[in-house]
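Engineer: Here's a structure for you.
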Amino acid sequence: MGTRRWVLGIGVLALVVLVVAVVRRPSSPDTSSAEEIEGIVSAAVGEEIEKAASGPPDAAKVYDAILPSLVVIRAERAGHDDRGLGTGVVVNDEGAILTARHVVAGAGTLTVTFSDGTEARAQIVSEQSENDIAVLMAERPPEVIVPAVLGGGVRVGDAGFAVGHPLGLIGSLSAGVVSGLDRSVPQDDGPPLRGLIQFDAAVNPGNSGGPLLNRNGQVIGIVTSLANPSQQGFFVGVGFAVPIGVATGGAGGPAL
């Protein structure tokens, strides 16, 4: 028993000597002091922090990720001289475009423009009024189709980015946070929309149907409405989006 303890003690001592030797192994004839080692570590950590800080911010990465999937939607309606403007997002390899139903409802002609400049007529292939969701297909899709990445697991306080065409300003991004969940808002021509994501990224007419994104550039919702007690069509701090799982499931796609 004493021999075993003696052997074990020798093994532990050898391990300690080895660790000390590795930590204090000189890079030059002089052994580095503890202060020098601490300085080297601090410099390395500072360099990594500087690299991270010099990288693109979340908003820039989100915008770059969603831009190839963003669509401009123009809806012509009988009796209207102008063309209603909305946003859509490509969600699969076939080029299906997810948008808000009210953007395209009652339109005689729908025209979509993809990020590469391809412009084509489009048709509604699926819609669900209770979720204000519609799916369009272009008669002539672009040569390269880039679907957005869909996400989920939204929490209050998460970053939220809205990308669309507010007030005709094509390809605009605004940033904020998810400020509420499971909200309900009335519709003009149907039952209230329920289970919505509330967010405070600025949205205005033209954003409708566009994506709400998380910090990874994943689509977590489809922008459907904004809250304004004055009944005017401009942003006062609260917007709403249909969760992407509801939007895709309600439009005949896979639920998340």
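Every chain in the structure tokens has a letter given in the order shown (A, B, ...), and although residue numbers restart at 1 in each chain, ligands are simply numbered from 1 in the order shown.
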Compile the contact shell of Val177 in chain A as a count of residues only: residues with an atom at most 9 Å away, counting only C-alpha atoms, same-chain residues fewer than 3 positions apart removed.

Structural biologist: 10

Engineer: Which residues are close to Glu143 in chain A, i.e. within 12 Å by only C-alpha atoms, leaving aside same-chain residues fewer than 6 positions away? Reply as a PyMOL selection string.

Structural biologist: chain A and resi 93-95+114-119

Engineer: Any chance you can output those residues with all heavy atoms as a PDB file, in the first residue's frame?

Structural biologist:
ATOM      1  N   ASP A  93     -37.340  27.231 -53.412  1.00  0.00           N
ATOM      2  CA  ASP A  93     -36.545  27.097 -54.628  1.00  0.00           C
ATOM      3  C   ASP A  93     -37.367  27.271 -55.898  1.00  0.00           C
ATOM      4  O   ASP A  93     -36.802  27.462 -56.983  1.00  0.00           O
ATOM      5  CB  ASP A  93     -35.854  25.717 -54.659  1.00  0.00           C
ATOM      6  CG  ASP A  93     -34.808  25.574 -53.577  1.00  0.00           C
ATOM      7  OD1 ASP A  93     -34.271  26.613 -53.141  1.00  0.00           O
ATOM      8  OD2 ASP A  93     -34.526  24.433 -53.156  1.00  0.00           O
ATOM      9  N   GLU A  94     -38.703  27.161 -55.798  1.00  0.00           N
ATOM     10  CA  GLU A  94     -39.565  27.343 -56.970  1.00  0.00           C
ATOM     11  C   GLU A  94     -39.867  28.820 -57.223  1.00  0.00           C
ATOM     12  O   GLU A  94     -40.464  29.164 -58.240  1.00  0.00           O
ATOM     13  CB  GLU A  94     -40.882  26.572 -56.787  1.00  0.00           C
ATOM     14  CG  GLU A  94     -40.749  25.062 -56.932  1.00  0.00           C
ATOM     15  CD  GLU A  94     -40.006  24.437 -55.771  1.00  0.00           C
ATOM     16  OE1 GLU A  94     -40.307  24.806 -54.611  1.00  0.00           O
ATOM     17  OE2 GLU A  94     -39.114  23.600 -56.015  1.00  0.00           O
ATOM     18  N   GLY A  95     -39.489  29.682 -56.292  1.00  0.00           N
ATOM     19  CA  GLY A  95     -39.712  31.112 -56.478  1.00  0.00           C
ATOM     20  C   GLY A  95     -41.006  31.633 -55.896  1.00  0.00           C
ATOM     21  O   GLY A  95     -41.439  32.745 -56.237  1.00  0.00           O
ATOM     22  N   PHE A 114     -37.754  41.423 -59.029  1.00  0.00           N
ATOM     23  CA  PHE A 114     -36.804  40.728 -58.164  1.00  0.00           C
ATOM     24  C   PHE A 114     -35.534  41.562 -57.995  1.00  0.00           C
ATOM     25  O   PHE A 114     -35.328  42.569 -58.681  1.00  0.00           O
ATOM     26  CB  PHE A 114     -36.475  39.355 -58.755  1.00  0.00           C
ATOM     27  CG  PHE A 114     -37.653  38.415 -58.803  1.00  0.00           C
ATOM     28  CD1 PHE A 114     -38.491  38.387 -59.909  1.00  0.00           C
ATOM     29  CD2 PHE A 114     -37.922  37.577 -57.733  1.00  0.00           C
ATOM     30  CE1 PHE A 114     -39.579  37.527 -59.959  1.00  0.00           C
ATOM     31  CE2 PHE A 114     -39.015  36.711 -57.773  1.00  0.00           C
ATOM     32  CZ  PHE A 114     -39.848  36.681 -58.883  1.00  0.00           C
ATOM     33  N   SER A 115     -34.673  41.111 -57.094  1.00  0.00           N
ATOM     34  CA  SER A 115     -33.488  41.895 -56.747  1.00  0.00           C
ATOM     35  C   SER A 115     -32.522  42.042 -57.915  1.00  0.00           C
ATOM     36  O   SER A 115     -31.744  42.996 -57.960  1.00  0.00           O
ATOM     37  CB  SER A 115     -32.760  41.257 -55.559  1.00  0.00           C
ATOM     38  OG  SER A 115     -32.317  39.950 -55.876  1.00  0.00           O
ATOM     39  N   ASP A 116     -32.556  41.106 -58.867  1.00  0.00           N
ATOM     40  CA  ASP A 116     -31.651  41.208 -60.017  1.00  0.00           C
ATOM     41  C   ASP A 116     -32.221  42.068 -61.138  1.00  0.00           C
ATOM     42  O   ASP A 116     -31.627  42.185 -62.209  1.00  0.00           O
ATOM     43  CB  ASP A 116     -31.308  39.818 -60.548  1.00  0.00           C
ATOM     44  CG  ASP A 116     -32.507  39.101 -61.172  1.00  0.00           C
ATOM     45  OD1 ASP A 116     -33.646  39.592 -61.025  1.00  0.00           O
ATOM     46  OD2 ASP A 116     -32.303  38.045 -61.805  1.00  0.00           O
ATOM     47  N   GLY A 117     -33.401  42.670 -60.911  1.00  0.00           N
ATOM     48  CA  GLY A 117     -34.027  43.514 -61.917  1.00  0.00           C
ATOM     49  C   GLY A 117     -35.067  42.815 -62.769  1.00  0.00           C
ATOM     50  O   GLY A 117     -35.767  43.477 -63.543  1.00  0.00           O
ATOM     51  N   THR A 118     -35.189  41.505 -62.659  1.00  0.00           N
ATOM     52  CA  THR A 118     -36.202  40.773 -63.422  1.00  0.00           C
ATOM     53  C   THR A 118     -37.594  41.243 -63.035  1.00  0.00           C
ATOM     54  O   THR A 118     -37.943  41.270 -61.846  1.00  0.00           O
ATOM     55  CB  THR A 118     -36.090  39.256 -63.164  1.00  0.00           C
ATOM     56  OG1 THR A 118     -34.810  38.795 -63.570  1.00  0.00           O
ATOM     57  CG2 THR A 118     -37.166  38.494 -63.928  1.00  0.00           C
ATOM     58  N   GLU A 119     -38.378  41.629 -64.027  1.00  0.00           N
ATOM     59  CA  GLU A 119     -39.748  42.089 -63.795  1.00  0.00           C
ATOM     60  C   GLU A 119     -40.713  41.194 -64.545  1.00  0.00           C
ATOM     61  O   GLU A 119     -40.469  40.832 -65.700  1.00  0.00           O
ATOM     62  CB  GLU A 119     -39.905  43.539 -64.246  1.00  0.00           C
ATOM     63  CG  GLU A 119     -41.270  44.131 -63.947  1.00  0.00           C
ATOM     64  CD  GLU A 119     -41.349  45.608 -64.295  1.00  0.00           C
ATOM     65  OE1 GLU A 119     -40.528  46.397 -63.766  1.00  0.00           O
ATOM     66  OE2 GLU A 119     -42.231  45.970 -65.105  1.00  0.00           O
TER      67      GLU A 119
END

Engineer: Contacts of Val149 in chain A at 10 Å or less, counting only C-alpha atoms, minus same-chain residues fewer than 3 places along, as a list in words?

Structural biologist: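 The residues satisfying every condition are Ala65, Ile66, Ser69, Val90, Val91, Asn92, Val146, Leu213, Asn216, Gly217, Gln218, Val219 and Ile220 of chain A.
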
Engineer: Filtering to C-alpha atoms, could you give me those residues as a CSV table (one decimal), in the first residue's frame?

Structural biologist:
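Everything below was put into result04.csv:
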chain,number,residue,atom,x,y,z
A,65,ALA,CA,-28.6,38.2,-46.3
A,66,ILE,CA,-32.2,39.1,-47.3
A,69,SER,CA,-34.8,37.4,-51.7
A,90,VAL,CA,-39.0,34.5,-51.9
A,91,VAL,CA,-39.4,31.5,-49.7
A,92,ASN,CA,-38.6,28.4,-51.7
A,146,VAL,CA,-32.4,32.8,-53.8
A,213,LEU,CA,-35.8,39.3,-39.5
A,216,ASN,CA,-29.1,36.1,-38.2
A,217,GLY,CA,-31.0,37.3,-41.2
A,218,GLN,CA,-33.7,34.6,-40.8
A,219,VAL,CA,-37.3,35.6,-41.6
A,220,ILE,CA,-39.3,35.4,-38.4

Engineer: Which residues in range 108-225 of chain A does DSSP call helix (DSSP H, G or I)? List them as a list in words.

Structural biologist: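 The residues of range 108-225 of chain A classed as helix (DSSP H, G or I) are Ser129, Glu130, Asn131, Pro166, Leu167 and Gly168 of chain A.
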
Engineer: Tell me which protein, DNA and RNA residues are within 7 Å of Ala138 in chain A, counting only C-alpha atoms, leaving out same-chain ones fewer than 5 positions away, and put them as a count of residues only.

Structural biologist: 4

Engineer: A:Ala96, A:Glu38, A:Ala162, A:Ile73: which is nearest Asn214 in chain A, counting only C-alpha atoms?

Structural biologist: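 Ranked by minimum distance to Asn214 in chain A, first place goes to A:Ala162.
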
Engineer: Please identify all polymer residues within 12 Å of Ile124 in chain A, counting only C-alpha atoms, omitting same-chain residues fewer than 2 positions from it, and present them as a PDB file with all heavy atoms, in the first residue's frame.

Structural biologist:
ATOM      1  N   ILE A  73     -43.553  44.546 -55.094  1.00  0.00           N
ATOM      2  CA  ILE A  73     -44.861  44.148 -55.627  1.00  0.00           C
ATOM      3  C   ILE A  73     -45.654  45.407 -55.949  1.00  0.00           C
ATOM      4  O   ILE A  73     -45.813  46.299 -55.097  1.00  0.00           O
ATOM      5  CB  ILE A  73     -45.640  43.291 -54.612  1.00  0.00           C
ATOM      6  CG1 ILE A  73     -44.859  42.016 -54.282  1.00  0.00           C
ATOM      7  CG2 ILE A  73     -47.031  42.951 -55.154  1.00  0.00           C
ATOM      8  CD1 ILE A  73     -45.498  41.185 -53.181  1.00  0.00           C
ATOM      9  N   ALA A  75     -49.413  46.556 -57.412  1.00  0.00           N
ATOM     10  CA  ALA A  75     -50.760  46.052 -57.658  1.00  0.00           C
ATOM     11  C   ALA A  75     -51.598  47.133 -58.325  1.00  0.00           C
ATOM     12  O   ALA A  75     -51.758  48.230 -57.775  1.00  0.00           O
ATOM     13  CB  ALA A  75     -51.398  45.623 -56.338  1.00  0.00           C
ATOM     14  N   ALA A  96     -41.654  30.851 -54.998  1.00  0.00           N
ATOM     15  CA  ALA A  96     -42.878  31.324 -54.362  1.00  0.00           C
ATOM     16  C   ALA A  96     -42.591  32.578 -53.549  1.00  0.00           C
ATOM     17  O   ALA A  96     -41.596  32.661 -52.831  1.00  0.00           O
ATOM     18  CB  ALA A  96     -43.462  30.242 -53.463  1.00  0.00           C
ATOM     19  N   ILE A  97     -43.473  33.566 -53.667  1.00  0.00           N
ATOM     20  CA  ILE A  97     -43.305  34.860 -52.997  1.00  0.00           C
ATOM     21  C   ILE A  97     -44.359  34.982 -51.909  1.00  0.00           C
ATOM     22  O   ILE A  97     -45.561  34.939 -52.174  1.00  0.00           O
ATOM     23  CB  ILE A  97     -43.457  36.016 -53.994  1.00  0.00           C
ATOM     24  CG1 ILE A  97     -42.430  35.886 -55.120  1.00  0.00           C
ATOM     25  CG2 ILE A  97     -43.316  37.359 -53.286  1.00  0.00           C
ATOM     26  CD1 ILE A  97     -42.733  36.781 -56.317  1.00  0.00           C
ATOM     27  N   LEU A  98     -43.906  35.144 -50.688  1.00  0.00           N
ATOM     28  CA  LEU A  98     -44.812  35.326 -49.558  1.00  0.00           C
ATOM     29  C   LEU A  98     -45.006  36.820 -49.330  1.00  0.00           C
ATOM     30  O   LEU A  98     -44.055  37.606 -49.351  1.00  0.00           O
ATOM     31  CB  LEU A  98     -44.194  34.686 -48.312  1.00  0.00           C
ATOM     32  CG  LEU A  98     -45.114  34.314 -47.142  1.00  0.00           C
ATOM     33  CD1 LEU A  98     -46.195  33.334 -47.596  1.00  0.00           C
ATOM     34  CD2 LEU A  98     -44.282  33.709 -46.009  1.00  0.00           C
ATOM     35  N   THR A  99     -46.268  37.227 -49.121  1.00  0.00           N
ATOM     36  CA  THR A  99     -46.562  38.635 -48.886  1.00  0.00           C
ATOM     37  C   THR A  99     -47.824  38.745 -48.046  1.00  0.00           C
ATOM     38  O   THR A  99     -48.436  37.726 -47.671  1.00  0.00           O
ATOM     39  CB  THR A  99     -46.725  39.404 -50.213  1.00  0.00           C
ATOM     40  OG1 THR A  99     -46.812  40.810 -49.956  1.00  0.00           O
ATOM     41  CG2 THR A  99     -47.964  38.954 -50.981  1.00  0.00           C
ATOM     42  N   ALA A 100     -48.223  39.976 -47.728  1.00  0.00           N
ATOM     43  CA  ALA A 100     -49.484  40.209 -47.022  1.00  0.00           C
ATOM     44  C   ALA A 100     -50.627  40.212 -48.029  1.00  0.00           C
ATOM     45  O   ALA A 100     -50.514  40.815 -49.107  1.00  0.00           O
ATOM     46  CB  ALA A 100     -49.438  41.531 -46.258  1.00  0.00           C
ATOM     47  N   ARG A 101     -51.715  39.585 -47.678  1.00  0.00           N
ATOM     48  CA  ARG A 101     -52.850  39.481 -48.596  1.00  0.00           C
ATOM     49  C   ARG A 101     -53.391  40.847 -48.981  1.00  0.00           C
ATOM     50  O   ARG A 101     -53.787  41.070 -50.137  1.00  0.00           O
ATOM     51  CB  ARG A 101     -53.946  38.627 -47.956  1.00  0.00           C
ATOM     52  CG  ARG A 101     -55.211  38.506 -48.807  1.00  0.00           C
ATOM     53  CD  ARG A 101     -56.251  37.638 -48.120  1.00  0.00           C
ATOM     54  NE  ARG A 101     -57.498  37.623 -48.874  1.00  0.00           N
ATOM     55  CZ  ARG A 101     -58.470  38.498 -48.722  1.00  0.00           C
ATOM     56  NH1 ARG A 101     -58.346  39.496 -47.835  1.00  0.00           N
ATOM     57  NH2 ARG A 101     -59.577  38.417 -49.436  1.00  0.00           N
ATOM     58  N   HIS A 102     -53.426  41.798 -48.027  1.00  0.00           N
ATOM     59  CA  HIS A 102     -54.036  43.087 -48.351  1.00  0.00           C
ATOM     60  C   HIS A 102     -53.232  43.866 -49.390  1.00  0.00           C
ATOM     61  O   HIS A 102     -53.746  44.793 -50.007  1.00  0.00           O
ATOM     62  CB  HIS A 102     -54.235  43.931 -47.079  1.00  0.00           C
ATOM     63  CG  HIS A 102     -52.981  44.494 -46.498  1.00  0.00           C
ATOM     64  ND1 HIS A 102     -52.273  43.879 -45.486  1.00  0.00           N
ATOM     65  CD2 HIS A 102     -52.289  45.631 -46.788  1.00  0.00           C
ATOM     66  CE1 HIS A 102     -51.216  44.614 -45.164  1.00  0.00           C
ATOM     67  NE2 HIS A 102     -51.203  45.679 -45.944  1.00  0.00           N
ATOM     68  N   VAL A 103     -51.977  43.484 -49.598  1.00  0.00           N
ATOM     69  CA  VAL A 103     -51.164  44.134 -50.629  1.00  0.00           C
ATOM     70  C   VAL A 103     -51.697  43.817 -52.016  1.00  0.00           C
ATOM     71  O   VAL A 103     -51.657  44.661 -52.921  1.00  0.00           O
ATOM     72  CB  VAL A 103     -49.689  43.686 -50.507  1.00  0.00           C
ATOM     73  CG1 VAL A 103     -48.870  44.128 -51.716  1.00  0.00           C
ATOM     74  CG2 VAL A 103     -49.072  44.233 -49.221  1.00  0.00           C
ATOM     75  N   VAL A 104     -52.218  42.593 -52.194  1.00  0.00           N
ATOM     76  CA  VAL A 104     -52.603  42.130 -53.535  1.00  0.00           C
ATOM     77  C   VAL A 104     -54.101  41.938 -53.701  1.00  0.00           C
ATOM     78  O   VAL A 104     -54.574  41.688 -54.812  1.00  0.00           O
ATOM     79  CB  VAL A 104     -51.873  40.806 -53.866  1.00  0.00           C
ATOM     80  CG1 VAL A 104     -50.368  41.024 -53.868  1.00  0.00           C
ATOM     81  CG2 VAL A 104     -52.226  39.702 -52.866  1.00  0.00           C
ATOM     82  N   ALA A 105     -54.873  42.043 -52.622  1.00  0.00           N
ATOM     83  CA  ALA A 105     -56.314  41.788 -52.706  1.00  0.00           C
ATOM     84  C   ALA A 105     -56.992  42.766 -53.656  1.00  0.00           C
ATOM     85  O   ALA A 105     -56.755  43.978 -53.605  1.00  0.00           O
ATOM     86  CB  ALA A 105     -56.942  41.897 -51.318  1.00  0.00           C
ATOM     87  N   GLY A 106     -57.818  42.237 -54.545  1.00  0.00           N
ATOM     88  CA  GLY A 106     -58.579  43.062 -55.469  1.00  0.00           C
ATOM     89  C   GLY A 106     -57.792  43.624 -56.632  1.00  0.00           C
ATOM     90  O   GLY A 106     -58.319  44.435 -57.403  1.00  0.00           O
ATOM     91  N   ALA A 107     -56.554  43.207 -56.795  1.00  0.00           N
ATOM     92  CA  ALA A 107     -55.728  43.738 -57.887  1.00  0.00           C
ATOM     93  C   ALA A 107     -56.087  43.068 -59.207  1.00  0.00           C
ATOM     94  O   ALA A 107     -56.267  41.851 -59.278  1.00  0.00           O
ATOM     95  CB  ALA A 107     -54.255  43.519 -57.580  1.00  0.00           C
ATOM     96  N   GLY A 108     -56.177  43.890 -60.259  1.00  0.00           N
ATOM     97  CA  GLY A 108     -56.401  43.334 -61.590  1.00  0.00           C
ATOM     98  C   GLY A 108     -55.110  42.816 -62.197  1.00  0.00           C
ATOM     99  O   GLY A 108     -55.101  41.802 -62.896  1.00  0.00           O
ATOM    100  N   THR A 109     -54.029  43.517 -61.932  1.00  0.00           N
ATOM    101  CA  THR A 109     -52.724  43.137 -62.454  1.00  0.00           C
ATOM    102  C   THR A 109     -51.681  43.242 -61.354  1.00  0.00           C
ATOM    103  O   THR A 109     -51.652  44.232 -60.620  1.00  0.00           O
ATOM    104  CB  THR A 109     -52.298  44.046 -63.622  1.00  0.00           C
ATOM    105  OG1 THR A 109     -53.291  43.980 -64.649  1.00  0.00           O
ATOM    106  CG2 THR A 109     -50.954  43.612 -64.188  1.00  0.00           C
ATOM    107  N   LEU A 110     -50.855  42.209 -61.248  1.00  0.00           N
ATOM    108  CA  LEU A 110     -49.761  42.208 -60.286  1.00  0.00           C
ATOM    109  C   LEU A 110     -48.439  42.133 -61.024  1.00  0.00           C
ATOM    110  O   LEU A 110     -48.262  41.284 -61.915  1.00  0.00           O
ATOM    111  CB  LEU A 110     -49.876  41.015 -59.332  1.00  0.00           C
ATOM    112  CG  LEU A 110     -51.055  41.025 -58.357  1.00  0.00           C
ATOM    113  CD1 LEU A 110     -51.141  39.694 -57.620  1.00  0.00           C
ATOM    114  CD2 LEU A 110     -50.918  42.171 -57.372  1.00  0.00           C
ATOM    115  N   THR A 111     -47.531  43.009 -60.675  1.00  0.00           N
ATOM    116  CA  THR A 111     -46.191  43.004 -61.267  1.00  0.00           C
ATOM    117  C   THR A 111     -45.168  42.879 -60.144  1.00  0.00           C
ATOM    118  O   THR A 111     -45.262  43.594 -59.135  1.00  0.00           O
ATOM    119  CB  THR A 111     -45.922  44.294 -62.053  1.00  0.00           C
ATOM    120  OG1 THR A 111     -46.948  44.464 -63.036  1.00  0.00           O
ATOM    121  CG2 THR A 111     -44.566  44.238 -62.743  1.00  0.00           C
ATOM    122  N   VAL A 112     -44.222  41.977 -60.316  1.00  0.00           N
ATOM    123  CA  VAL A 112     -43.182  41.793 -59.298  1.00  0.00           C
ATOM    124  C   VAL A 112     -41.817  42.082 -59.914  1.00  0.00           C
ATOM    125  O   VAL A 112     -41.580  41.799 -61.095  1.00  0.00           O
ATOM    126  CB  VAL A 112     -43.203  40.371 -58.704  1.00  0.00           C
ATOM    127  CG1 VAL A 112     -44.496  40.137 -57.932  1.00  0.00           C
ATOM    128  CG2 VAL A 112     -43.035  39.307 -59.774  1.00  0.00           C
ATOM    129  N   ARG A 121     -45.153  39.639 -64.641  1.00  0.00           N
ATOM    130  CA  ARG A 121     -46.492  39.544 -64.083  1.00  0.00           C
ATOM    131  C   ARG A 121     -46.510  38.381 -63.083  1.00  0.00           C
ATOM    132  O   ARG A 121     -45.735  37.437 -63.190  1.00  0.00           O
ATOM    133  CB  ARG A 121     -47.522  39.297 -65.186  1.00  0.00           C
ATOM    134  CG  ARG A 121     -47.664  40.446 -66.169  1.00  0.00           C
ATOM    135  CD  ARG A 121     -48.426  41.604 -65.537  1.00  0.00           C
ATOM    136  NE  ARG A 121     -48.607  42.702 -66.481  1.00  0.00           N
ATOM    137  CZ  ARG A 121     -49.645  42.814 -67.308  1.00  0.00           C
ATOM    138  NH1 ARG A 121     -50.581  41.880 -67.321  1.00  0.00           N
ATOM    139  NH2 ARG A 121     -49.747  43.850 -68.115  1.00  0.00           N
ATOM    140  N   ALA A 122     -47.442  38.459 -62.128  1.00  0.00           N
ATOM    141  CA  ALA A 122     -47.542  37.408 -61.118  1.00  0.00           C
ATOM    142  C   ALA A 122     -49.003  37.082 -60.861  1.00  0.00           C
ATOM    143  O   ALA A 122     -49.904  37.894 -61.133  1.00  0.00           O
ATOM    144  CB  ALA A 122     -46.858  37.831 -59.830  1.00  0.00           C
ATOM    145  N   SER A 126     -52.188  31.206 -53.635  1.00  0.00           N
ATOM    146  CA  SER A 126     -52.726  30.773 -52.350  1.00  0.00           C
ATOM    147  C   SER A 126     -52.941  32.007 -51.486  1.00  0.00           C
ATOM    148  O   SER A 126     -52.175  32.972 -51.568  1.00  0.00           O
ATOM    149  CB  SER A 126     -51.751  29.815 -51.655  1.00  0.00           C
ATOM    150  OG  SER A 126     -52.201  29.459 -50.372  1.00  0.00           O
ATOM    151  N   GLU A 127     -53.991  31.998 -50.704  1.00  0.00           N
ATOM    152  CA  GLU A 127     -54.226  33.112 -49.796  1.00  0.00           C
ATOM    153  C   GLU A 127     -55.040  32.647 -48.604  1.00  0.00           C
ATOM    154  O   GLU A 127     -55.786  31.669 -48.677  1.00  0.00           O
ATOM    155  CB  GLU A 127     -54.935  34.268 -50.507  1.00  0.00           C
ATOM    156  CG  GLU A 127     -56.247  33.922 -51.144  1.00  0.00           C
ATOM    157  CD  GLU A 127     -56.820  35.102 -51.915  1.00  0.00           C
ATOM    158  OE1 GLU A 127     -56.812  36.233 -51.368  1.00  0.00           O
ATOM    159  OE2 GLU A 127     -57.279  34.908 -53.044  1.00  0.00           O
ATOM    160  N   GLN A 128     -54.864  33.348 -47.507  1.00  0.00           N
ATOM    161  CA  GLN A 128     -55.625  33.044 -46.295  1.00  0.00           C
ATOM    162  C   GLN A 128     -55.943  34.356 -45.600  1.00  0.00           C
ATOM    163  O   GLN A 128     -55.070  34.998 -44.999  1.00  0.00           O
ATOM    164  CB  GLN A 128     -54.837  32.109 -45.380  1.00  0.00           C
ATOM    165  CG  GLN A 128     -55.678  31.516 -44.264  1.00  0.00           C
ATOM    166  CD  GLN A 128     -54.946  30.452 -43.502  1.00  0.00           C
ATOM    167  OE1 GLN A 128     -53.889  30.735 -42.959  1.00  0.00           O
ATOM    168  NE2 GLN A 128     -55.493  29.256 -43.456  1.00  0.00           N
ATOM    169  N   ILE A 133     -52.294  36.614 -45.369  1.00  0.00           N
ATOM    170  CA  ILE A 133     -51.140  36.038 -46.060  1.00  0.00           C
ATOM    171  C   ILE A 133     -51.546  35.606 -47.466  1.00  0.00           C
ATOM    172  O   ILE A 133     -52.633  35.062 -47.677  1.00  0.00           O
ATOM    173  CB  ILE A 133     -50.575  34.825 -45.288  1.00  0.00           C
ATOM    174  CG1 ILE A 133     -49.918  35.287 -43.994  1.00  0.00           C
ATOM    175  CG2 ILE A 133     -49.585  34.035 -46.139  1.00  0.00           C
ATOM    176  CD1 ILE A 133     -48.691  36.156 -44.181  1.00  0.00           C
ATOM    177  N   ALA A 134     -50.676  35.867 -48.433  1.00  0.00           N
ATOM    178  CA  ALA A 134     -50.873  35.394 -49.807  1.00  0.00           C
ATOM    179  C   ALA A 134     -49.541  34.922 -50.368  1.00  0.00           C
ATOM    180  O   ALA A 134     -48.474  35.384 -49.939  1.00  0.00           O
ATOM    181  CB  ALA A 134     -51.454  36.506 -50.689  1.00  0.00           C
ATOM    182  N   VAL A 135     -49.636  34.001 -51.311  1.00  0.00           N
ATOM    183  CA  VAL A 135     -48.450  33.497 -52.010  1.00  0.00           C
ATOM    184  C   VAL A 135     -48.618  33.799 -53.493  1.00  0.00           C
ATOM    185  O   VAL A 135     -49.672  33.529 -54.079  1.00  0.00           O
ATOM    186  CB  VAL A 135     -48.264  31.982 -51.803  1.00  0.00           C
ATOM    187  CG1 VAL A 135     -47.072  31.482 -52.605  1.00  0.00           C
ATOM    188  CG2 VAL A 135     -48.058  31.668 -50.323  1.00  0.00           C
ATOM    189  N   LEU A 136     -47.573  34.380 -54.090  1.00  0.00           N
ATOM    190  CA  LEU A 136     -47.577  34.696 -55.519  1.00  0.00           C
ATOM    191  C   LEU A 136     -46.543  33.851 -56.240  1.00  0.00           C
ATOM    192  O   LEU A 136     -45.548  33.427 -55.661  1.00  0.00           O
ATOM    193  CB  LEU A 136     -47.228  36.176 -55.748  1.00  0.00           C
ATOM    194  CG  LEU A 136     -47.925  37.235 -54.905  1.00  0.00           C
ATOM    195  CD1 LEU A 136     -47.426  38.621 -55.315  1.00  0.00           C
ATOM    196  CD2 LEU A 136     -49.429  37.133 -55.036  1.00  0.00           C
ATOM    197  N   MET A 137     -46.801  33.635 -57.535  1.00  0.00           N
ATOM    198  CA  MET A 137     -45.810  33.022 -58.419  1.00  0.00           C
ATOM    199  C   MET A 137     -45.662  33.906 -59.640  1.00  0.00           C
ATOM    200  O   MET A 137     -46.659  34.333 -60.234  1.00  0.00           O
ATOM    201  CB  MET A 137     -46.213  31.613 -58.833  1.00  0.00           C
ATOM    202  CG  MET A 137     -46.160  30.589 -57.714  1.00  0.00           C
ATOM    203  SD  MET A 137     -44.471  30.258 -57.099  1.00  0.00           S
ATOM    204  CE  MET A 137     -43.728  29.482 -58.533  1.00  0.00           C
ATOM    205  N   ALA A 138     -44.435  34.197 -59.991  1.00  0.00           N
ATOM    206  CA  ALA A 138     -44.175  35.028 -61.166  1.00  0.00           C
ATOM    207  C   ALA A 138     -44.292  34.191 -62.432  1.00  0.00           C
ATOM    208  O   ALA A 138     -43.911  33.014 -62.448  1.00  0.00           O
ATOM    209  CB  ALA A 138     -42.781  35.640 -61.074  1.00  0.00           C
ATOM    210  N   GLU A 139     -44.804  34.809 -63.504  1.00  0.00           N
ATOM    211  CA  GLU A 139     -44.870  34.100 -64.783  1.00  0.00           C
ATOM    212  C   GLU A 139     -43.480  33.860 -65.361  1.00  0.00           C
ATOM    213  O   GLU A 139     -43.260  32.896 -66.083  1.00  0.00           O
ATOM    214  CB  GLU A 139     -45.722  34.910 -65.767  1.00  0.00           C
ATOM    215  CG  GLU A 139     -47.180  35.039 -65.336  1.00  0.00           C
ATOM    216  CD  GLU A 139     -47.987  35.902 -66.283  1.00  0.00           C
ATOM    217  OE1 GLU A 139     -47.389  36.453 -67.251  1.00  0.00           O
ATOM    218  OE2 GLU A 139     -49.209  36.038 -66.075  1.00  0.00           O
ATOM    219  N   ALA A 251     -50.303  29.377 -45.729  1.00  0.00           N
ATOM    220  CA  ALA A 251     -50.263  29.555 -47.179  1.00  0.00           C
ATOM    221  C   ALA A 251     -50.020  28.240 -47.908  1.00  0.00           C
ATOM    222  O   ALA A 251     -49.718  28.231 -49.086  1.00  0.00           O
ATOM    223  CB  ALA A 251     -49.155  30.542 -47.539  1.00  0.00           C
TER     224      ALA A 251
END

Engineer: Between A:Val144, A:Val89, A:Val178, A:Ala241, which is the closest to Leu196 in chain A once you count only C-alpha atoms?

Structural biologist: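 Among the listed residues, A:Ala241 lies closest to Leu196 in chain A.
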
Engineer: One number please: CA of Glu76 in chain A to CA of Ser129 in chain A, in Å, one decimal.

Structural biologist: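 Going from CA of Glu76 in chain A over to CA of Ser129 in chain A, I get 19.6 Å.
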
Engineer: Would you mind telling me which residue in A:Gly88, A:Gly249, A:Ala227, A:Val185 lies nearest to Gly171 in chain A when using only C-alpha atoms?

Structural biologist: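 Counting only C-alpha atoms, the residue closest to Gly171 in chain A is A:Gly88.
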
Engineer: In Å to one decimal, how far is CA of Gln187 in chain A from CA of His165 in chain A?

Structural biologist: 21.7 Å
